[in-house]
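Data first, discussion second: the structure below is written as structure tokens.
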Amino acid sequence: MTSIIHAEIYTGQTIIHDGYIRFDHVIEEIGEMTEYIPREETVIDLKGKRLIPGMIDIHVHGGYDVDTMDASREGLVRFSEAMLAEGVTSFFATTITQDWDQITKALEVAGEVIASRQTTMEGIHLEGPFINPEYAGAQPLEYIVEPSVEQFLNWQEASGNQIKLVTYAPERPGARAFEAAVRETGAIPSAGHTDATFEQNRSGAVTHGTHLYNQMRALHHREPGTVGYCLLERTVFAEIIPDGIHSSKEMVEFAYRMKGPERLTVITDAMRAKGLADGEYELGGQAVYVKDGAARLATGNLAGSVLTMDQALRNIIAFTGCSLEQAVQMTSVNQAEEFGLTQKGRLEQGKDADFVVLSADLEVEQTIHRGTIHRFKGQEGE
């Protein structure tokens with residue numbers, strides 16, 4: 001058993017300004033220091049440093065020279081371990097439109113890794129191929145198809161029912177039956193890479209939007225489009241990539257003002273080059289060129305990001321002026337609530353011991369995943 005004491009704890013519901021948390025693989029106790037009773041155990045004194053719930057990235061293709069589409073068990077394990085340094089304790093491995101056999105292989109491997117319970121993977125985000133080719137972005141055109149219930153169900157079975165989120169275009173033929181099939185398996189359909197009007201999104205009862213603003217029908221004063229739908233419908237969780245590249249900081253702030261912290265979900269949409277030097281990489285079989293923090297195809301289209309989740313946390317605060325407590329809502333709480341990750345998202349007795357120790361400037365110093373402590377910056381003398 002381990003206790004962390006004298007921490008400023010952001011539980012996801014409240015702030016404990018001088019608190020403690022006692023844990024093994026789950027949280028045994030959490031509360032004010034006035035309630036702390038010492039035991040024979042390992043004790044770590046944080047001396048007032050901040051502690052937040054482990055962050056959850058529901059849209060991330062890869063990083064550190066790994067991609068979900070590699071269909072590599074070893075790669076996914078390595079990717080999971082590398083993201084601990086970002087404060088990520090849960091993520092959805094995200095696919096891309098590709099050859100169907102390659103998608104199947106990637107889903108099978110990801111499902112097996114999740115089932116092993118040896119990584120931070122908690123699900124799969126199927127991005128494409130059921131999207132609008134006019135809004136393909138970095139999704140390879142040759143593999144884009146209309147929504148297919150049969151193919152989705154085949155892929156859900158291949159994944160071991162681990163697909164939790166499906167990006168699709170609500171305006172395409174067969175979308176209503178497709179949405180029903182996705183929901184029947186417990187997954188959530190998400191409007192993305194789409195030209196859907198406000199009414200088409202409403203007809204599909206869409207409750208999630210993939211990377212807000214990017215590759216979706218734009219806001220217009222006569223037809224609000226998918227952007228308008230995501231911003232105006234209170235039930236919709238809208239993903240946002242706060243890198244200042246996919247969306248300007250002003251538009252990130254605009255989304256925050258419209259949605260509030262309760263319905264804005266911070267993602268990275270990161271690809272293989274995250275954590276690596278500028279240069280040429282690959283996404284969906286296409287060359288991607290990374291320079292000055294932007295990942296682009298030769299055509300100039302953005303191709304994912306190289307954003308880390310800890311930088312996304314700092315950016316969402318800088319871009320919107322939100323508090324750390326509100327940022328936690330967008331990096332942990334919303335994801336756990338939307339996808340029923342009942343052991344994640346908040347710091348409460350009985351939940352997984354998944355949390356992050358932050359320095360005064362919000363750099364990750366330690367990440368605890370299911371009770372195992374991973375030390376990074378500033379902890380050598382502990």
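Labeling convention for the structure tokens: chains A, B, ... as they appear, residues from 1 per chain, ligands from 1 in order of appearance.
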Shell of 12 Å around Met1 (chain A), only C-alpha atoms, local chain residues under 5 positions omitted, as a ChimeraX atom specification: /A:21-29,38-44,353,371-373
Hey, which bits of region 257-358 of chain A sit within 12 Å of region 5-13 of chain A, and for each residue what's the closest pair of atoms and how far apart in Å (one decimal), counting only C-alpha atoms, rows by chain and increasing number, as a Markdown table?
```
| residue | atom | partner | partner_atom | distance |
| --- | --- | --- | --- | --- |
| A:Pro261 | CA | A:Gly12 | CA | 11.7 |
| A:Glu262 | CA | A:Gly12 | CA | 11.3 |
| A:Ser323 | CA | A:Tyr10 | CA | 11.0 |
| A:Leu324 | CA | A:Tyr10 | CA | 8.2 |
| A:Glu325 | CA | A:Tyr10 | CA | 6.4 |
| A:Gln326 | CA | A:Gly12 | CA | 8.6 |
| A:Ala327 | CA | A:Gly12 | CA | 9.6 |
| A:Val328 | CA | A:Gly12 | CA | 6.4 |
| A:Gln329 | CA | A:Gly12 | CA | 6.3 |
| A:Met330 | CA | A:Gly12 | CA | 9.9 |
| A:Thr331 | CA | A:Gly12 | CA | 10.0 |
| A:Ser332 | CA | A:Gly12 | CA | 7.9 |
| A:Val333 | CA | A:Gly12 | CA | 6.2 |
| A:Asn334 | CA | A:Gly12 | CA | 9.6 |
| A:Gln335 | CA | A:Gly12 | CA | 11.7 |
| A:Ala336 | CA | A:Gly12 | CA | 10.7 |
| A:Glu337 | CA | A:Gly12 | CA | 11.2 |
| A:Lys344 | CA | A:Gly12 | CA | 10.4 |
| A:Gly345 | CA | A:Gly12 | CA | 7.1 |
| A:Arg346 | CA | A:Gly12 | CA | 4.9 |
| A:Leu347 | CA | A:Thr11 | CA | 4.6 |
| A:Glu348 | CA | A:Thr11 | CA | 7.2 |
| A:Gln349 | CA | A:Thr11 | CA | 10.7 |
| A:Lys351 | CA | A:Thr11 | CA | 11.3 |
| A:Ala353 | CA | A:Thr11 | CA | 11.8 |
| A:Asp354 | CA | A:Thr11 | CA | 11.1 |
| A:Phe355 | CA | A:Thr11 | CA | 9.4 |
| A:Val356 | CA | A:Ile9 | CA | 9.9 |
| A:Val357 | CA | A:Ala7 | CA | 8.9 |
| A:Leu358 | CA | A:Glu8 | CA | 9.8 |
```
Export of prior selection with C-alpha atoms as an mmCIF file, in the first residue's frame:
```cif
data_model
loop_
_atom_site.group_PDB
_atom_site.id
_atom_site.type_symbol
_atom_site.label_atom_id
_atom_site.label_comp_id
_atom_site.auth_asym_id
_atom_site.auth_seq_id
_atom_site.Cartn_x
_atom_site.Cartn_y
_atom_site.Cartn_z
ATOM 1 C CA PRO A 261 -16.162 22.140 -20.101
ATOM 2 C CA GLU A 262 -18.932 19.535 -19.695
ATOM 3 C CA SER A 323 -9.117 26.539 -14.642
ATOM 4 C CA LEU A 324 -7.188 23.321 -14.086
ATOM 5 C CA GLU A 325 -10.356 21.858 -12.581
ATOM 6 C CA GLN A 326 -12.250 22.640 -15.798
ATOM 7 C CA ALA A 327 -9.381 21.271 -17.901
ATOM 8 C CA VAL A 328 -9.590 17.993 -15.957
ATOM 9 C CA GLN A 329 -13.256 17.797 -16.946
ATOM 10 C CA MET A 330 -12.182 17.949 -20.612
ATOM 11 C CA THR A 331 -9.175 15.598 -20.400
ATOM 12 C CA SER A 332 -10.574 12.873 -18.123
ATOM 13 C CA VAL A 333 -14.088 13.225 -16.746
ATOM 14 C CA ASN A 334 -16.021 13.651 -20.002
ATOM 15 C CA GLN A 335 -14.370 10.687 -21.668
ATOM 16 C CA ALA A 336 -15.048 8.356 -18.750
ATOM 17 C CA GLU A 337 -18.671 9.468 -18.467
ATOM 18 C CA LYS A 344 -11.642 5.891 -14.746
ATOM 19 C CA GLY A 345 -11.984 9.663 -14.968
ATOM 20 C CA ARG A 346 -12.384 10.638 -11.315
ATOM 21 C CA LEU A 347 -10.436 10.069 -8.118
ATOM 22 C CA GLU A 348 -12.767 8.192 -5.795
ATOM 23 C CA GLN A 349 -12.560 5.249 -3.459
ATOM 24 C CA LYS A 351 -11.765 3.431 -8.794
ATOM 25 C CA ALA A 353 -5.449 4.193 -9.082
ATOM 26 C CA ASP A 354 -4.889 6.216 -12.267
ATOM 27 C CA PHE A 355 -3.573 9.703 -11.613
ATOM 28 C CA VAL A 356 -0.883 12.216 -12.536
ATOM 29 C CA VAL A 357 1.437 14.383 -10.450
ATOM 30 C CA LEU A 358 1.999 17.814 -12.010
#
```
Sorted by chain and rising residue number, which residues of region 178-247 of chain A lie within 9 Å of region 313-318 of chain A, and what are their closest atom pairs and distances in Å to one decimal, counting only C-alpha atoms, as JSON lines?
```
{"residue": "A:Pro242", "atom": "CA", "partner": "A:Ile316", "partner_atom": "CA", "distance": 6.0}
{"residue": "A:Asp243", "atom": "CA", "partner": "A:Asn315", "partner_atom": "CA", "distance": 7.0}
{"residue": "A:Gly244", "atom": "CA", "partner": "A:Asn315", "partner_atom": "CA", "distance": 8.4}
```
Write out as an mmCIF file with all heavy atoms, in the first residue's frame which residues come within 8 Å of Ala298 (chain A) when counting only C-alpha atoms, dropping same-chain ones fewer than 5 positions away.
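Generated file (part.cif):
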```cif
data_model
loop_
_atom_site.group_PDB
_atom_site.id
_atom_site.type_symbol
_atom_site.label_atom_id
_atom_site.label_comp_id
_atom_site.auth_asym_id
_atom_site.auth_seq_id
_atom_site.Cartn_x
_atom_site.Cartn_y
_atom_site.Cartn_z
ATOM 1 N N ALA A 287 2.770 9.299 -47.399
ATOM 2 C CA ALA A 287 3.876 10.054 -46.818
ATOM 3 C C ALA A 287 3.332 11.276 -46.086
ATOM 4 O O ALA A 287 2.466 11.994 -46.592
ATOM 5 C CB ALA A 287 4.851 10.492 -47.911
ATOM 6 N N VAL A 288 3.839 11.480 -44.870
ATOM 7 C CA VAL A 288 3.461 12.636 -44.062
ATOM 8 C C VAL A 288 4.723 13.399 -43.699
ATOM 9 O O VAL A 288 5.721 12.802 -43.284
ATOM 10 C CB VAL A 288 2.727 12.200 -42.766
ATOM 11 C CG1 VAL A 288 2.426 13.405 -41.894
ATOM 12 C CG2 VAL A 288 1.446 11.451 -43.110
ATOM 13 N N TYR A 289 4.673 14.713 -43.856
ATOM 14 C CA TYR A 289 5.840 15.547 -43.604
ATOM 15 C C TYR A 289 5.587 16.394 -42.354
ATOM 16 O O TYR A 289 4.602 17.142 -42.282
ATOM 17 C CB TYR A 289 6.126 16.431 -44.819
ATOM 18 C CG TYR A 289 6.336 15.606 -46.072
ATOM 19 C CD1 TYR A 289 5.255 15.295 -46.904
ATOM 20 C CD2 TYR A 289 7.590 15.095 -46.388
ATOM 21 C CE1 TYR A 289 5.436 14.507 -48.033
ATOM 22 C CE2 TYR A 289 7.775 14.305 -47.519
ATOM 23 C CZ TYR A 289 6.697 14.022 -48.334
ATOM 24 O OH TYR A 289 6.874 13.226 -49.439
#
```
Please tabulate, as CSV, the residues of region 31-63 of chain A that come within 7 Å of region 79-87 of chain A, each with its closest pair of atoms and the distance in Å to one decimal, counting only C-alpha atoms and ordering rows by chain, then residue number upward.
```
residue,atom,partner,partner_atom,distance
A:Gly54,CA,A:Gly87,CA,6.0
A:Met55,CA,A:Gly87,CA,5.8
A:Gly63,CA,A:Phe79,CA,6.7
```
All residues 10 Å or closer to Asp278 (chain A), only C-alpha atoms, same chain fewer than 2 positions away omitted, as a list in words: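 Everything that qualifies: Ala273, Lys274, Gly275, Leu276, Glu280, Tyr281, Tyr289, Val290, Lys291, Asp292, Gly293, Ala294, Ala295 and Val306 of chain A.
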Residue list (strand (DSSP E or B), DSSP) for region 100-282 of chain A, as a VMD selection string: chain A and resid 121 to 127 163 to 168 188 to 191 194 208 to 209 216 237 to 240 264 to 266 270 279 to 282
Take the residues that were just selected and, keeping C-alpha atoms, output them as a JSON list (two decimals), in the first residue's frame.
```json
[["chain", "number", "residue", "atom", "x", "y", "z"],
["A", 121, "MET", "CA", -5.75, 0.74, -23.95],
["A", 122, "GLU", "CA", -9.45, 0.84, -23.08],
["A", 123, "GLY", "CA", -11.04, 0.65, -26.53],
["A", 124, "ILE", "CA", -10.83, 1.29, -30.26],
["A", 125, "HIS", "CA", -11.92, 4.29, -32.30],
["A", 126, "LEU", "CA", -12.83, 3.21, -35.85],
["A", 127, "GLU", "CA", -12.22, 6.32, -37.97],
["A", 163, "ILE", "CA", -14.81, -0.71, -30.87],
["A", 164, "LYS", "CA", -16.25, 2.07, -28.70],
["A", 165, "LEU", "CA", -16.40, 4.99, -31.16],
["A", 166, "VAL", "CA", -17.11, 5.05, -34.91],
["A", 167, "THR", "CA", -16.50, 8.09, -37.11],
["A", 168, "TYR", "CA", -18.87, 8.13, -40.09],
["A", 188, "ILE", "CA", -21.13, 5.49, -30.25],
["A", 189, "PRO", "CA", -21.48, 6.85, -33.82],
["A", 190, "SER", "CA", -19.58, 10.12, -34.32],
["A", 191, "ALA", "CA", -20.10, 12.65, -37.12],
["A", 194, "THR", "CA", -18.89, 14.65, -43.26],
["A", 208, "HIS", "CA", -20.48, 12.99, -30.75],
["A", 209, "GLY", "CA", -18.44, 15.04, -33.20],
["A", 216, "MET", "CA", -16.92, 18.64, -41.39],
["A", 237, "PHE", "CA", -19.64, 15.78, -26.98],
["A", 238, "ALA", "CA", -17.33, 17.65, -29.38],
["A", 239, "GLU", "CA", -13.70, 16.62, -29.76],
["A", 240, "ILE", "CA", -11.17, 19.46, -29.95],
["A", 264, "LEU", "CA", -15.84, 19.56, -24.90],
["A", 265, "THR", "CA", -13.45, 16.62, -25.12],
["A", 266, "VAL", "CA", -9.72, 17.22, -25.55],
["A", 270, "ALA", "CA", -1.66, 12.22, -32.89],
["A", 279, "GLY", "CA", 10.93, 14.64, -41.01],
["A", 280, "GLU", "CA", 9.05, 12.26, -43.29],
["A", 281, "TYR", "CA", 6.70, 9.67, -41.77],
["A", 282, "GLU", "CA", 3.67, 7.60, -42.81]]
```
Which of A:Arg176, A:Arg370, A:His246, A:Lys377 sits closest to Leu307 (chain A) [using only C-alpha atoms]: A:His246
I'd like the contact shell of Glu179 (chain A) - 12 Å cut-off, only C-alpha atoms, skipping same-chain residues fewer than 3 positions apart - returned as a compact mmCIF listing (two decimals) with all heavy atoms, in the first residue's frame.
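See part.txt below for the written result:
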```
# COMPACT_ATOMS: atom_id res chain seq x y z
N PHE A 130 -16.28 4.68 -43.45
CA PHE A 130 -17.68 5.01 -43.78
C PHE A 130 -17.89 6.53 -43.75
O PHE A 130 -18.71 7.05 -42.99
CB PHE A 130 -18.60 4.30 -42.79
CG PHE A 130 -18.32 2.84 -42.65
CD1 PHE A 130 -17.92 2.31 -41.43
CD2 PHE A 130 -18.45 1.97 -43.73
CE1 PHE A 130 -17.66 0.95 -41.28
CE2 PHE A 130 -18.19 0.61 -43.60
CZ PHE A 130 -17.79 0.10 -42.37
N PRO A 147 -21.69 3.60 -45.55
CA PRO A 147 -21.90 2.86 -44.30
C PRO A 147 -22.46 1.46 -44.55
O PRO A 147 -23.45 1.30 -45.27
CB PRO A 147 -22.90 3.75 -43.55
CG PRO A 147 -22.65 5.13 -44.06
CD PRO A 147 -22.31 4.94 -45.51
N SER A 148 -21.82 0.47 -43.95
CA SER A 148 -22.21 -0.93 -44.14
C SER A 148 -22.40 -1.59 -42.78
O SER A 148 -21.43 -1.75 -42.03
CB SER A 148 -21.14 -1.67 -44.94
OG SER A 148 -21.34 -3.08 -44.86
N VAL A 149 -23.61 -1.98 -42.49
CA VAL A 149 -23.90 -2.67 -41.23
C VAL A 149 -23.12 -3.97 -41.17
O VAL A 149 -22.49 -4.29 -40.15
CB VAL A 149 -25.41 -2.93 -41.08
CG1 VAL A 149 -25.69 -3.87 -39.91
CG2 VAL A 149 -26.17 -1.62 -40.92
N PHE A 152 -19.35 -3.37 -40.58
CA PHE A 152 -19.09 -2.92 -39.22
C PHE A 152 -19.21 -4.06 -38.22
O PHE A 152 -18.36 -4.21 -37.34
CB PHE A 152 -20.04 -1.79 -38.81
CG PHE A 152 -19.99 -1.53 -37.33
CD1 PHE A 152 -18.88 -0.93 -36.76
CD2 PHE A 152 -21.02 -1.97 -36.49
CE1 PHE A 152 -18.79 -0.75 -35.38
CE2 PHE A 152 -20.94 -1.77 -35.12
CZ PHE A 152 -19.83 -1.16 -34.56
N LEU A 153 -20.27 -4.86 -38.34
CA LEU A 153 -20.45 -5.97 -37.39
C LEU A 153 -19.32 -6.98 -37.50
O LEU A 153 -18.88 -7.55 -36.49
CB LEU A 153 -21.81 -6.64 -37.63
CG LEU A 153 -23.03 -5.78 -37.29
CD1 LEU A 153 -24.32 -6.52 -37.64
CD2 LEU A 153 -23.03 -5.37 -35.82
N LEU A 165 -16.07 3.73 -30.47
CA LEU A 165 -16.40 4.99 -31.16
C LEU A 165 -16.20 4.78 -32.66
O LEU A 165 -15.19 4.18 -33.07
CB LEU A 165 -15.49 6.10 -30.65
CG LEU A 165 -15.71 7.52 -31.17
CD1 LEU A 165 -17.10 8.04 -30.79
CD2 LEU A 165 -14.65 8.47 -30.60
N VAL A 166 -17.16 5.26 -33.46
CA VAL A 166 -17.11 5.05 -34.91
C VAL A 166 -17.35 6.38 -35.61
O VAL A 166 -18.44 6.96 -35.53
CB VAL A 166 -18.17 4.02 -35.37
CG1 VAL A 166 -18.06 3.81 -36.89
CG2 VAL A 166 -18.03 2.71 -34.63
N THR A 167 -16.34 6.88 -36.31
CA THR A 167 -16.50 8.09 -37.11
C THR A 167 -17.09 7.73 -38.46
O THR A 167 -16.59 6.83 -39.15
CB THR A 167 -15.15 8.80 -37.29
OG1 THR A 167 -14.71 9.30 -36.03
CG2 THR A 167 -15.26 9.96 -38.27
N TYR A 168 -18.16 8.43 -38.84
CA TYR A 168 -18.87 8.13 -40.09
C TYR A 168 -19.54 9.42 -40.57
O TYR A 168 -19.53 10.44 -39.87
CB TYR A 168 -19.93 7.05 -39.85
CG TYR A 168 -21.18 7.59 -39.18
CD1 TYR A 168 -22.40 7.62 -39.85
CD2 TYR A 168 -21.13 8.14 -37.90
CE1 TYR A 168 -23.53 8.16 -39.24
CE2 TYR A 168 -22.24 8.68 -37.29
CZ TYR A 168 -23.44 8.69 -37.97
OH TYR A 168 -24.55 9.24 -37.38
N ALA A 169 -20.13 9.37 -41.77
CA ALA A 169 -20.81 10.53 -42.35
C ALA A 169 -22.32 10.30 -42.29
O ALA A 169 -22.84 9.43 -43.00
CB ALA A 169 -20.36 10.75 -43.79
N PRO A 170 -23.05 11.04 -41.46
CA PRO A 170 -24.49 10.80 -41.27
C PRO A 170 -25.35 11.04 -42.49
O PRO A 170 -26.52 10.62 -42.51
CB PRO A 170 -24.88 11.79 -40.16
CG PRO A 170 -23.60 12.13 -39.48
CD PRO A 170 -22.55 12.08 -40.54
N GLU A 171 -24.82 11.72 -43.51
CA GLU A 171 -25.61 12.03 -44.70
C GLU A 171 -25.56 10.94 -45.76
O GLU A 171 -26.32 10.98 -46.74
CB GLU A 171 -25.15 13.35 -45.33
CG GLU A 171 -23.83 13.29 -46.10
CD GLU A 171 -22.60 13.36 -45.23
OE1 GLU A 171 -22.74 13.23 -43.99
OE2 GLU A 171 -21.49 13.55 -45.78
N ARG A 172 -24.71 9.95 -45.58
CA ARG A 172 -24.51 8.95 -46.62
C ARG A 172 -25.62 7.91 -46.62
O ARG A 172 -26.29 7.67 -45.59
CB ARG A 172 -23.15 8.26 -46.46
CG ARG A 172 -21.96 9.20 -46.41
CD ARG A 172 -21.86 10.09 -47.64
NE ARG A 172 -21.46 9.35 -48.83
CZ ARG A 172 -21.28 9.92 -50.02
NH1 ARG A 172 -21.49 11.21 -50.18
NH2 ARG A 172 -20.89 9.18 -51.04
N PRO A 173 -25.86 7.25 -47.77
CA PRO A 173 -26.92 6.23 -47.85
C PRO A 173 -26.70 5.12 -46.82
O PRO A 173 -25.58 4.66 -46.62
CB PRO A 173 -26.76 5.68 -49.28
CG PRO A 173 -26.11 6.79 -50.05
CD PRO A 173 -25.19 7.47 -49.08
N GLY A 174 -27.79 4.72 -46.17
CA GLY A 174 -27.72 3.63 -45.20
C GLY A 174 -27.30 4.06 -43.81
O GLY A 174 -27.12 3.21 -42.92
N ALA A 175 -27.16 5.37 -43.59
CA ALA A 175 -26.63 5.85 -42.31
C ALA A 175 -27.55 5.54 -41.14
O ALA A 175 -27.08 5.23 -40.04
CB ALA A 175 -26.37 7.36 -42.38
N ARG A 176 -28.89 5.59 -41.33
CA ARG A 176 -29.79 5.36 -40.19
C ARG A 176 -29.67 3.92 -39.68
O ARG A 176 -29.60 3.69 -38.47
CB ARG A 176 -31.26 5.66 -40.58
CG ARG A 176 -31.56 7.08 -41.02
CD ARG A 176 -31.35 8.13 -39.93
NE ARG A 176 -29.99 8.57 -39.84
CZ ARG A 176 -29.43 9.49 -40.61
NH1 ARG A 176 -30.13 10.07 -41.57
NH2 ARG A 176 -28.17 9.84 -40.43
N VAL A 182 -24.51 0.24 -34.86
CA VAL A 182 -23.38 0.65 -34.02
C VAL A 182 -23.83 0.75 -32.57
O VAL A 182 -23.18 0.22 -31.66
CB VAL A 182 -22.80 1.99 -34.52
CG1 VAL A 182 -21.80 2.55 -33.51
CG2 VAL A 182 -22.13 1.81 -35.87
N ARG A 183 -24.95 1.42 -32.35
CA ARG A 183 -25.43 1.61 -30.98
C ARG A 183 -25.82 0.28 -30.33
O ARG A 183 -25.65 0.10 -29.12
CB ARG A 183 -26.62 2.57 -30.97
CG ARG A 183 -26.22 4.00 -31.34
CD ARG A 183 -27.39 4.96 -31.32
NE ARG A 183 -26.95 6.31 -31.63
CZ ARG A 183 -27.38 7.04 -32.66
NH1 ARG A 183 -28.30 6.55 -33.47
NH2 ARG A 183 -26.89 8.25 -32.87
N GLU A 184 -26.34 -0.65 -31.13
CA GLU A 184 -26.75 -1.94 -30.60
C GLU A 184 -25.57 -2.69 -30.00
O GLU A 184 -25.73 -3.47 -29.05
CB GLU A 184 -27.38 -2.78 -31.73
CG GLU A 184 -27.93 -4.13 -31.29
CD GLU A 184 -29.13 -4.02 -30.36
OE1 GLU A 184 -29.84 -2.99 -30.40
OE2 GLU A 184 -29.37 -4.97 -29.59
N THR A 185 -24.37 -2.45 -30.52
CA THR A 185 -23.17 -3.12 -29.98
C THR A 185 -22.57 -2.37 -28.79
O THR A 185 -21.58 -2.82 -28.22
CB THR A 185 -22.08 -3.26 -31.05
OG1 THR A 185 -21.54 -1.97 -31.38
CG2 THR A 185 -22.61 -3.93 -32.31
N GLY A 186 -23.15 -1.23 -28.44
CA GLY A 186 -22.62 -0.44 -27.33
C GLY A 186 -21.65 0.64 -27.72
O GLY A 186 -21.15 1.37 -26.87
N ALA A 187 -21.37 0.76 -29.03
CA ALA A 187 -20.46 1.80 -29.51
C ALA A 187 -21.24 3.08 -29.81
O ALA A 187 -22.48 3.08 -29.89
CB ALA A 187 -19.72 1.33 -30.76
N ILE A 188 -20.52 4.18 -29.99
CA ILE A 188 -21.13 5.49 -30.25
C ILE A 188 -20.76 5.96 -31.65
O ILE A 188 -19.57 6.04 -31.99
CB ILE A 188 -20.65 6.52 -29.20
CG1 ILE A 188 -21.18 6.13 -27.81
CG2 ILE A 188 -21.11 7.93 -29.59
CD1 ILE A 188 -20.67 7.02 -26.70
N PRO A 189 -21.77 6.27 -32.50
CA PRO A 189 -21.48 6.85 -33.82
C PRO A 189 -21.09 8.32 -33.66
O PRO A 189 -21.71 9.05 -32.89
CB PRO A 189 -22.81 6.72 -34.57
CG PRO A 189 -23.74 5.95 -33.67
CD PRO A 189 -23.21 6.09 -32.28
N SER A 190 -20.08 8.74 -34.42
CA SER A 190 -19.58 10.12 -34.32
C SER A 190 -19.52 10.75 -35.70
O SER A 190 -18.93 10.19 -36.64
CB SER A 190 -18.18 10.12 -33.70
OG SER A 190 -17.66 11.44 -33.65
N ALA A 191 -20.11 11.93 -35.84
CA ALA A 191 -20.10 12.65 -37.12
C ALA A 191 -18.71 13.20 -37.38
O ALA A 191 -18.19 14.00 -36.60
CB ALA A 191 -21.13 13.77 -37.09
N ASN A 201 -27.80 15.60 -39.21
CA ASN A 201 -27.23 15.20 -37.93
C ASN A 201 -28.34 14.95 -36.90
O ASN A 201 -28.27 13.96 -36.15
CB ASN A 201 -26.27 16.27 -37.41
CG ASN A 201 -24.91 16.20 -38.05
OD1 ASN A 201 -24.13 15.29 -37.78
ND2 ASN A 201 -24.62 17.16 -38.92
N SER A 203 -31.39 14.04 -37.55
CA SER A 203 -32.09 12.81 -37.93
C SER A 203 -31.34 11.57 -37.46
O SER A 203 -31.95 10.56 -37.12
CB SER A 203 -32.26 12.75 -39.45
OG SER A 203 -33.11 13.77 -39.91
N GLY A 204 -30.02 11.68 -37.44
CA GLY A 204 -29.20 10.58 -36.97
C GLY A 204 -29.00 10.55 -35.46
O GLY A 204 -28.33 9.66 -34.94
N ALA A 205 -29.60 11.52 -34.76
CA ALA A 205 -29.47 11.63 -33.30
C ALA A 205 -28.00 11.58 -32.88
O ALA A 205 -27.62 10.93 -31.91
CB ALA A 205 -30.26 10.52 -32.60
N VAL A 206 -27.18 12.31 -33.63
CA VAL A 206 -25.73 12.33 -33.39
C VAL A 206 -25.44 12.94 -32.02
O VAL A 206 -25.97 14.00 -31.67
CB VAL A 206 -25.01 13.12 -34.50
CG1 VAL A 206 -23.55 13.36 -34.15
CG2 VAL A 206 -25.13 12.38 -35.82
N THR A 207 -24.57 12.28 -31.26
CA THR A 207 -24.20 12.76 -29.92
C THR A 207 -22.70 12.98 -29.75
O THR A 207 -22.23 13.27 -28.65
CB THR A 207 -24.67 11.78 -28.83
OG1 THR A 207 -24.04 10.51 -29.04
CG2 THR A 207 -26.18 11.62 -28.84
```
Those in region 31-159 of chain A with helix (DSSP H, G or I) from DSSP, as a ChimeraX atom specification: /A:33-35,68-70,73-86,100-116,133-135,141-143,149-158
Grab the residues selected above and save them as a short mmCIF file (atom, residue, chain, number, x, y, z; two decimals), in the first residue's frame with C-alpha atoms.
```
data_model
loop_
_atom_site.label_atom_id
_atom_site.label_comp_id
_atom_site.auth_asym_id
_atom_site.auth_seq_id
_atom_site.Cartn_x
_atom_site.Cartn_y
_atom_site.Cartn_z
CA MET A 33 -4.94 15.60 5.54
CA THR A 34 -6.86 16.18 8.74
CA GLU A 35 -8.42 12.74 8.16
CA THR A 68 -2.41 1.36 -34.67
CA MET A 69 -2.48 0.20 -38.29
CA ASP A 70 0.90 -1.53 -37.85
CA ARG A 73 1.24 -6.16 -30.26
CA GLU A 74 4.73 -5.09 -29.25
CA GLY A 75 4.22 -1.68 -30.83
CA LEU A 76 0.96 -1.04 -28.99
CA VAL A 77 2.52 -2.04 -25.68
CA ARG A 78 5.44 0.31 -26.33
CA PHE A 79 3.06 3.09 -27.37
CA SER A 80 1.02 2.65 -24.20
CA GLU A 81 4.14 2.84 -22.05
CA ALA A 82 5.45 5.93 -23.86
CA MET A 83 2.21 7.86 -23.33
CA LEU A 84 2.50 7.48 -19.56
CA ALA A 85 5.03 10.33 -19.76
CA GLU A 86 2.19 12.50 -21.13
CA TRP A 100 -10.10 -3.82 -45.35
CA ASP A 101 -7.80 -6.74 -44.55
CA GLN A 102 -5.36 -4.34 -42.92
CA ILE A 103 -8.14 -2.79 -40.85
CA THR A 104 -9.23 -6.27 -39.78
CA LYS A 105 -5.70 -7.21 -38.71
CA ALA A 106 -5.29 -3.96 -36.78
CA LEU A 107 -8.62 -4.51 -34.99
CA GLU A 108 -7.81 -8.12 -34.11
CA VAL A 109 -4.45 -7.19 -32.61
CA ALA A 110 -5.79 -4.15 -30.76
CA GLY A 111 -8.63 -6.23 -29.34
CA GLU A 112 -6.22 -8.88 -28.09
CA VAL A 113 -3.99 -6.26 -26.45
CA ILE A 114 -6.98 -4.67 -24.71
CA ALA A 115 -8.22 -8.06 -23.51
CA SER A 116 -4.81 -8.78 -21.96
CA PRO A 133 -14.92 11.30 -49.85
CA GLU A 134 -15.29 15.07 -50.32
CA TYR A 135 -14.18 15.46 -46.69
CA LEU A 141 -9.87 7.98 -51.00
CA GLU A 142 -9.60 4.58 -52.64
CA TYR A 143 -10.86 2.74 -49.56
CA VAL A 149 -23.90 -2.67 -41.23
CA GLU A 150 -22.49 -6.03 -42.27
CA GLN A 151 -18.91 -4.82 -42.48
CA PHE A 152 -19.09 -2.92 -39.22
CA LEU A 153 -20.45 -5.97 -37.39
CA ASN A 154 -17.67 -8.09 -38.88
CA TRP A 155 -15.10 -5.61 -37.61
CA GLN A 156 -16.73 -5.33 -34.20
CA GLU A 157 -16.53 -9.12 -33.91
CA ALA A 158 -12.88 -9.11 -35.06
#
```
